Each structure stands twice: as structure tokens, then as C-alpha cells.
>>> print(open('data32.cif').read())   # mmCIF, C-alpha atoms
data_target
loop_
_atom_site.group_PDB
_atom_site.id
_atom_site.type_symbol
_atom_site.label_atom_id
_atom_site.label_comp_id
_atom_site.auth_asym_id
_atom_site.auth_seq_id
_atom_site.Cartn_x
_atom_site.Cartn_y
_atom_site.Cartn_z
ATOM 1 C CA VAL N 1 -20.018 -17.173 2.302
ATOM 2 C CA GLU N 2 -19.427 -14.050 4.348
ATOM 3 C CA GLN N 3 -16.437 -11.930 3.320
ATOM 4 C CA ASP N 4 -13.880 -10.902 5.920
ATOM 5 C CA LYS N 5 -12.325 -7.839 4.318
ATOM 6 C CA PRO N 6 -9.991 -6.918 7.217
ATOM 7 C CA LEU N 7 -8.584 -10.461 7.090
ATOM 8 C CA ALA N 8 -8.129 -10.204 3.333
ATOM 9 C CA LEU N 9 -6.204 -6.956 3.776
ATOM 10 C CA ARG N 10 -3.978 -8.572 6.387
ATOM 11 C CA CYS N 11 -3.320 -11.504 4.043
ATOM 12 C CA PHE N 12 -2.362 -9.078 1.256
ATOM 13 C CA GLU N 13 0.044 -7.313 3.613
ATOM 14 C CA ILE N 14 1.667 -10.589 4.674
ATOM 15 C CA ALA N 15 1.970 -11.852 1.094
ATOM 16 C CA GLY N 16 3.468 -8.498 0.161
ATOM 17 C CA THR N 17 6.162 -8.808 2.814
ATOM 18 C CA TRP N 18 6.979 -12.193 1.269
ATOM 19 C CA GLY N 19 7.547 -10.488 -2.079
ATOM 20 C CA ASP N 20 4.184 -10.784 -3.864
ATOM 21 C CA ALA N 21 3.893 -7.586 -5.913
ATOM 22 C CA ASP N 22 0.227 -8.180 -6.780
ATOM 23 C CA ALA N 23 -0.603 -8.466 -3.083
ATOM 24 C CA LEU N 24 1.107 -5.120 -2.465
ATOM 25 C CA THR N 25 -1.075 -3.579 -5.158
ATOM 26 C CA GLU N 26 -4.206 -5.080 -3.609
ATOM 27 C CA ALA N 27 -3.223 -3.795 -0.160
ATOM 28 C CA GLY N 28 -2.687 -0.341 -1.648
ATOM 29 C CA PHE N 29 -6.130 -0.493 -3.236
ATOM 30 C CA CYS N 30 -7.731 -1.525 0.060
ATOM 31 C CA TYR N 31 -6.159 1.422 1.876
ATOM 32 C CA SER N 32 -6.976 3.887 -0.910
ATOM 33 C CA GLU N 33 -10.650 2.857 -1.020
ATOM 34 C CA GLY N 34 -11.171 1.942 2.638
ATOM 35 C CA VAL N 35 -11.856 -1.743 1.978
ATOM 36 C CA GLY N 36 -11.423 -3.662 5.230
ATOM 37 C CA CYS N 37 -9.914 -0.643 6.956
ATOM 38 C CA LYS N 38 -10.211 3.091 7.388
ATOM 39 C CA LYS N 39 -9.208 4.975 4.232
ATOM 40 C CA ASP N 40 -5.514 5.920 4.508
ATOM 41 C CA LEU N 41 -3.856 7.413 1.441
ATOM 42 C CA LYS N 42 -0.404 7.509 3.069
ATOM 43 C CA LYS N 43 -0.490 3.751 3.600
ATOM 44 C CA ALA N 44 -1.955 3.250 0.130
ATOM 45 C CA ALA N 45 0.900 5.244 -1.411
ATOM 46 C CA LYS N 46 3.428 3.239 0.603
ATOM 47 C CA PHE N 47 2.081 -0.082 -0.695
ATOM 48 C CA TYR N 48 1.768 1.216 -4.257
ATOM 49 C CA ARG N 49 5.411 2.428 -4.166
ATOM 50 C CA MET N 50 6.541 -0.949 -2.868
ATOM 51 C CA ALA N 51 4.606 -2.692 -5.671
ATOM 52 C CA GLU N 52 6.185 -0.425 -8.259
ATOM 53 C CA LYS N 53 9.648 -1.314 -6.966
ATOM 54 C CA LYS N 54 8.726 -4.963 -7.572
ATOM 55 C CA GLY N 55 7.875 -4.228 -11.215
ATOM 56 C CA ILE N 56 4.158 -3.393 -11.165
ATOM 57 C CA SER N 57 3.286 -0.526 -13.524
ATOM 58 C CA MET N 58 1.622 2.292 -11.597
ATOM 59 C CA VAL N 59 0.672 4.386 -14.635
ATOM 60 C CA GLY N 60 -1.795 7.067 -13.594
ATOM 61 C CA ASN N 61 -0.826 6.921 -9.930
ATOM 62 C CA SER N 62 1.791 9.685 -9.872
ATOM 63 C CA TRP N 63 0.065 11.008 -6.739
ATOM 64 C CA ILE N 64 1.846 8.300 -4.712
ATOM 65 C CA TYR N 65 5.065 10.337 -4.932
ATOM 66 C CA LYS N 66 3.614 13.607 -3.657
ATOM 67 C CA GLU N 67 5.247 14.760 -0.445
ATOM 68 C CA LYS N 68 1.986 14.826 1.501
ATOM 69 C CA TYR N 69 1.629 11.052 1.030
ATOM 70 C CA ASN N 70 5.113 10.265 2.312
ATOM 71 C CA ASP N 71 5.502 9.026 5.853
ATOM 72 C CA PRO N 72 8.788 10.401 7.257
ATOM 73 C CA ASP N 73 9.445 7.139 9.113
ATOM 74 C CA ASP N 74 8.984 5.071 5.932
ATOM 75 C CA THR N 75 11.110 7.420 3.839
ATOM 76 C CA ASP N 76 14.042 6.876 6.207
ATOM 77 C CA LYS N 77 13.609 3.084 5.937
ATOM 78 C CA GLU N 78 13.377 3.155 2.116
ATOM 79 C CA ASN N 79 16.613 5.146 1.805
ATOM 80 C CA ARG N 80 18.631 2.687 3.883
#
>>> encode(input="data32.cif", output="C-alpha cells")
Amino acid sequence: VEQDKPLALRCFEIAGTWGDADALTEAGFCYSEGVGCKKDLKKAAKFYRMAEKKGISMVGNSWIYKEKYNDPDDTDKENR
């Protein structure tokens, strides 16, 4: 069976918007490693932060809060 990694990433993103914290973590991993997409640490940090807000422990991932990984548009949305 051939794997469709971009589709898997999209499914993780959709499940994450429905509240699945594990899916948010998987989407963050995909973006951080470039699985099914181009590597994007800003998007990875965004998904990891969302997962942490849902209760997932992000021990060892303090980098997700560094300013350079914040998207100004997302920061405004998170503070609302």
C-alpha cells in the first residue's frame, strides 16, 4: 500500500481542528521534519503549542515559544 503523506498531514490538521490533541502533535511533527510537506518550524511550533493547550506534555520542546517561531498573525488570534 502506497503512503500518501500529504493526505495524512491534512487529516491530522482536520482532526486537530476538531479537538484531537494527538493529531495536533502529529501535524507538528510532520511540519518539523518535513513529512508530507516542506519543513516549516513556525507551523510546527504553532501545532505543538495548540497540542500543549489541549494537555499534551511538550517536555523538551521549549523552542516552540521562541519569538522567531511565532507567526504575528497567529499570535493575535491566540490572544483573542
>>> residues_around(input="data32.cif", residues="N:Glu52", least_positions_apart="2", cutoff="12 Å", atoms="only C-alpha atoms", output="PyMOL selection string")
chain N and resi 16+19-25+28+45-50+54-59+61-62+64-65
>>> residues_around(input="data32.cif", residues="stretch 30-37 of chain N", least_positions_apart="5", cutoff="6 Å", atoms="all atoms listed in the file", output="PyMOL selection string")
chain N and resi 5-6+44
>>> atom_distance(input="data32.cif", atom1="atom CA of N:Arg10", atom2="atom CA of N:Lys68")
24.6 Å
>>> atom_distance(input="data32.cif", atom1="atom CA of N:Trp63", atom2="atom CA of N:Cys11")
25.2 Å
>>> atom_distance(input="data32.cif", atom1="atom CA of N:Pro72", atom2="atom CA of N:Ala8")
26.9 Å
>>> closest_residue(input="data32.cif", among="N:Ala27, N:Val1, N:Ile14, N:Leu9", to="N:Lys43", atoms="all atoms listed in the file")
N:Ala27
>>> closest_residue(input="data32.cif", among="N:Gly60, N:Lys39, N:Asp73, N:Phe12", to="N:Glu26", atoms="all atoms listed in the file")
N:Phe12
>>> build_atoms(input="data32.cif", residues="stretch 47-58 of chain N", atoms="all heavy atoms", output="PDB file, in the frame of the given file")
ATOM      1  N   PHE N  47       2.203   1.230  -0.075  1.00  0.00           N
ATOM      2  CA  PHE N  47       2.081  -0.082  -0.695  1.00  0.00           C
ATOM      3  C   PHE N  47       2.203   0.004  -2.214  1.00  0.00           C
ATOM      4  O   PHE N  47       2.819  -0.864  -2.837  1.00  0.00           O
ATOM      5  CB  PHE N  47       0.782  -0.764  -0.278  1.00  0.00           C
ATOM      6  CG  PHE N  47       0.864  -1.378   1.087  1.00  0.00           C
ATOM      7  CD1 PHE N  47       0.321  -0.725   2.186  1.00  0.00           C
ATOM      8  CD2 PHE N  47       1.500  -2.587   1.290  1.00  0.00           C
ATOM      9  CE1 PHE N  47       0.405  -1.276   3.451  1.00  0.00           C
ATOM     10  CE2 PHE N  47       1.597  -3.150   2.544  1.00  0.00           C
ATOM     11  CZ  PHE N  47       1.051  -2.492   3.634  1.00  0.00           C
ATOM     12  N   TYR N  48       1.643   1.040  -2.807  1.00  0.00           N
ATOM     13  CA  TYR N  48       1.768   1.216  -4.257  1.00  0.00           C
ATOM     14  C   TYR N  48       3.228   1.433  -4.657  1.00  0.00           C
ATOM     15  O   TYR N  48       3.688   0.902  -5.663  1.00  0.00           O
ATOM     16  CB  TYR N  48       0.919   2.390  -4.740  1.00  0.00           C
ATOM     17  CG  TYR N  48      -0.554   2.092  -4.886  1.00  0.00           C
ATOM     18  CD1 TYR N  48      -1.495   3.078  -4.632  1.00  0.00           C
ATOM     19  CD2 TYR N  48      -1.013   0.847  -5.304  1.00  0.00           C
ATOM     20  CE1 TYR N  48      -2.854   2.836  -4.794  1.00  0.00           C
ATOM     21  CE2 TYR N  48      -2.368   0.594  -5.462  1.00  0.00           C
ATOM     22  CZ  TYR N  48      -3.281   1.590  -5.207  1.00  0.00           C
ATOM     23  OH  TYR N  48      -4.611   1.348  -5.373  1.00  0.00           O
ATOM     24  N   ARG N  49       3.983   2.218  -3.863  1.00  0.00           N
ATOM     25  CA  ARG N  49       5.411   2.428  -4.166  1.00  0.00           C
ATOM     26  C   ARG N  49       6.190   1.129  -4.044  1.00  0.00           C
ATOM     27  O   ARG N  49       7.064   0.836  -4.865  1.00  0.00           O
ATOM     28  CB  ARG N  49       6.007   3.495  -3.242  1.00  0.00           C
ATOM     29  CG  ARG N  49       5.568   4.914  -3.564  1.00  0.00           C
ATOM     30  CD  ARG N  49       6.383   5.945  -2.801  1.00  0.00           C
ATOM     31  NE  ARG N  49       6.318   5.773  -1.364  1.00  0.00           N
ATOM     32  CZ  ARG N  49       5.465   6.383  -0.552  1.00  0.00           C
ATOM     33  NH1 ARG N  49       4.578   7.230  -1.057  1.00  0.00           N
ATOM     34  NH2 ARG N  49       5.485   6.177   0.740  1.00  0.00           N
ATOM     35  N   MET N  50       5.869   0.339  -3.034  1.00  0.00           N
ATOM     36  CA  MET N  50       6.541  -0.949  -2.868  1.00  0.00           C
ATOM     37  C   MET N  50       6.237  -1.864  -4.053  1.00  0.00           C
ATOM     38  O   MET N  50       7.126  -2.571  -4.544  1.00  0.00           O
ATOM     39  CB  MET N  50       6.124  -1.600  -1.543  1.00  0.00           C
ATOM     40  CG  MET N  50       6.686  -0.891  -0.337  1.00  0.00           C
ATOM     41  SD  MET N  50       6.057  -1.382   1.309  1.00  0.00           S
ATOM     42  CE  MET N  50       5.669  -3.077   1.202  1.00  0.00           C
ATOM     43  N   ALA N  51       4.993  -1.866  -4.521  1.00  0.00           N
ATOM     44  CA  ALA N  51       4.606  -2.692  -5.671  1.00  0.00           C
ATOM     45  C   ALA N  51       5.348  -2.244  -6.926  1.00  0.00           C
ATOM     46  O   ALA N  51       5.801  -3.073  -7.719  1.00  0.00           O
ATOM     47  CB  ALA N  51       3.094  -2.620  -5.891  1.00  0.00           C
ATOM     48  N   GLU N  52       5.485  -0.926  -7.093  1.00  0.00           N
ATOM     49  CA  GLU N  52       6.185  -0.425  -8.259  1.00  0.00           C
ATOM     50  C   GLU N  52       7.650  -0.848  -8.254  1.00  0.00           C
ATOM     51  O   GLU N  52       8.209  -1.185  -9.293  1.00  0.00           O
ATOM     52  CB  GLU N  52       6.061   1.096  -8.334  1.00  0.00           C
ATOM     53  CG  GLU N  52       6.584   1.662  -9.637  1.00  0.00           C
ATOM     54  CD  GLU N  52       6.286   3.126  -9.788  1.00  0.00           C
ATOM     55  OE1 GLU N  52       6.701   3.908  -8.918  1.00  0.00           O
ATOM     56  OE2 GLU N  52       5.637   3.474 -10.781  1.00  0.00           O
ATOM     57  N   LYS N  53       8.256  -0.860  -7.075  1.00  0.00           N
ATOM     58  CA  LYS N  53       9.648  -1.314  -6.966  1.00  0.00           C
ATOM     59  C   LYS N  53       9.794  -2.782  -7.343  1.00  0.00           C
ATOM     60  O   LYS N  53      10.866  -3.217  -7.747  1.00  0.00           O
ATOM     61  CB  LYS N  53      10.184  -1.081  -5.549  1.00  0.00           C
ATOM     62  CG  LYS N  53      10.475   0.366  -5.260  1.00  0.00           C
ATOM     63  CD  LYS N  53      11.032   0.538  -3.868  1.00  0.00           C
ATOM     64  CE  LYS N  53      11.285   2.001  -3.582  1.00  0.00           C
ATOM     65  NZ  LYS N  53      11.791   2.225  -2.227  1.00  0.00           N
ATOM     66  N   LYS N  54       8.707  -3.538  -7.213  1.00  0.00           N
ATOM     67  CA  LYS N  54       8.726  -4.963  -7.572  1.00  0.00           C
ATOM     68  C   LYS N  54       8.377  -5.187  -9.045  1.00  0.00           C
ATOM     69  O   LYS N  54       8.290  -6.318  -9.495  1.00  0.00           O
ATOM     70  CB  LYS N  54       7.737  -5.744  -6.700  1.00  0.00           C
ATOM     71  CG  LYS N  54       8.048  -5.720  -5.242  1.00  0.00           C
ATOM     72  CD  LYS N  54       8.849  -6.926  -4.887  1.00  0.00           C
ATOM     73  CE  LYS N  54       9.061  -6.963  -3.383  1.00  0.00           C
ATOM     74  NZ  LYS N  54      10.196  -7.776  -3.045  1.00  0.00           N
ATOM     75  N   GLY N  55       8.114  -4.091  -9.793  1.00  0.00           N
ATOM     76  CA  GLY N  55       7.875  -4.228 -11.215  1.00  0.00           C
ATOM     77  C   GLY N  55       6.456  -3.997 -11.681  1.00  0.00           C
ATOM     78  O   GLY N  55       6.174  -4.097 -12.871  1.00  0.00           O
ATOM     79  N   ILE N  56       5.539  -3.674 -10.772  1.00  0.00           N
ATOM     80  CA  ILE N  56       4.158  -3.393 -11.165  1.00  0.00           C
ATOM     81  C   ILE N  56       4.094  -1.981 -11.757  1.00  0.00           C
ATOM     82  O   ILE N  56       4.638  -1.043 -11.187  1.00  0.00           O
ATOM     83  CB  ILE N  56       3.203  -3.496  -9.946  1.00  0.00           C
ATOM     84  CG1 ILE N  56       3.219  -4.911  -9.371  1.00  0.00           C
ATOM     85  CG2 ILE N  56       1.796  -3.062 -10.324  1.00  0.00           C
ATOM     86  CD1 ILE N  56       2.611  -5.967 -10.252  1.00  0.00           C
ATOM     87  N   SER N  57       3.432  -1.829 -12.891  1.00  0.00           N
ATOM     88  CA  SER N  57       3.286  -0.526 -13.524  1.00  0.00           C
ATOM     89  C   SER N  57       2.207   0.274 -12.797  1.00  0.00           C
ATOM     90  O   SER N  57       1.071  -0.175 -12.681  1.00  0.00           O
ATOM     91  CB  SER N  57       2.899  -0.692 -14.992  1.00  0.00           C
ATOM     92  OG  SER N  57       2.652   0.556 -15.577  1.00  0.00           O
ATOM     93  N   MET N  58       2.566   1.441 -12.330  1.00  0.00           N
ATOM     94  CA  MET N  58       1.622   2.292 -11.597  1.00  0.00           C
ATOM     95  C   MET N  58       1.251   3.512 -12.436  1.00  0.00           C
ATOM     96  O   MET N  58       1.144   4.617 -11.939  1.00  0.00           O
ATOM     97  CB  MET N  58       2.227   2.726 -10.256  1.00  0.00           C
ATOM     98  CG  MET N  58       2.584   1.601  -9.310  1.00  0.00           C
ATOM     99  SD  MET N  58       1.283   0.411  -8.960  1.00  0.00           S
ATOM    100  CE  MET N  58       0.036   1.384  -8.239  1.00  0.00           C
TER     101      MET N  58
END
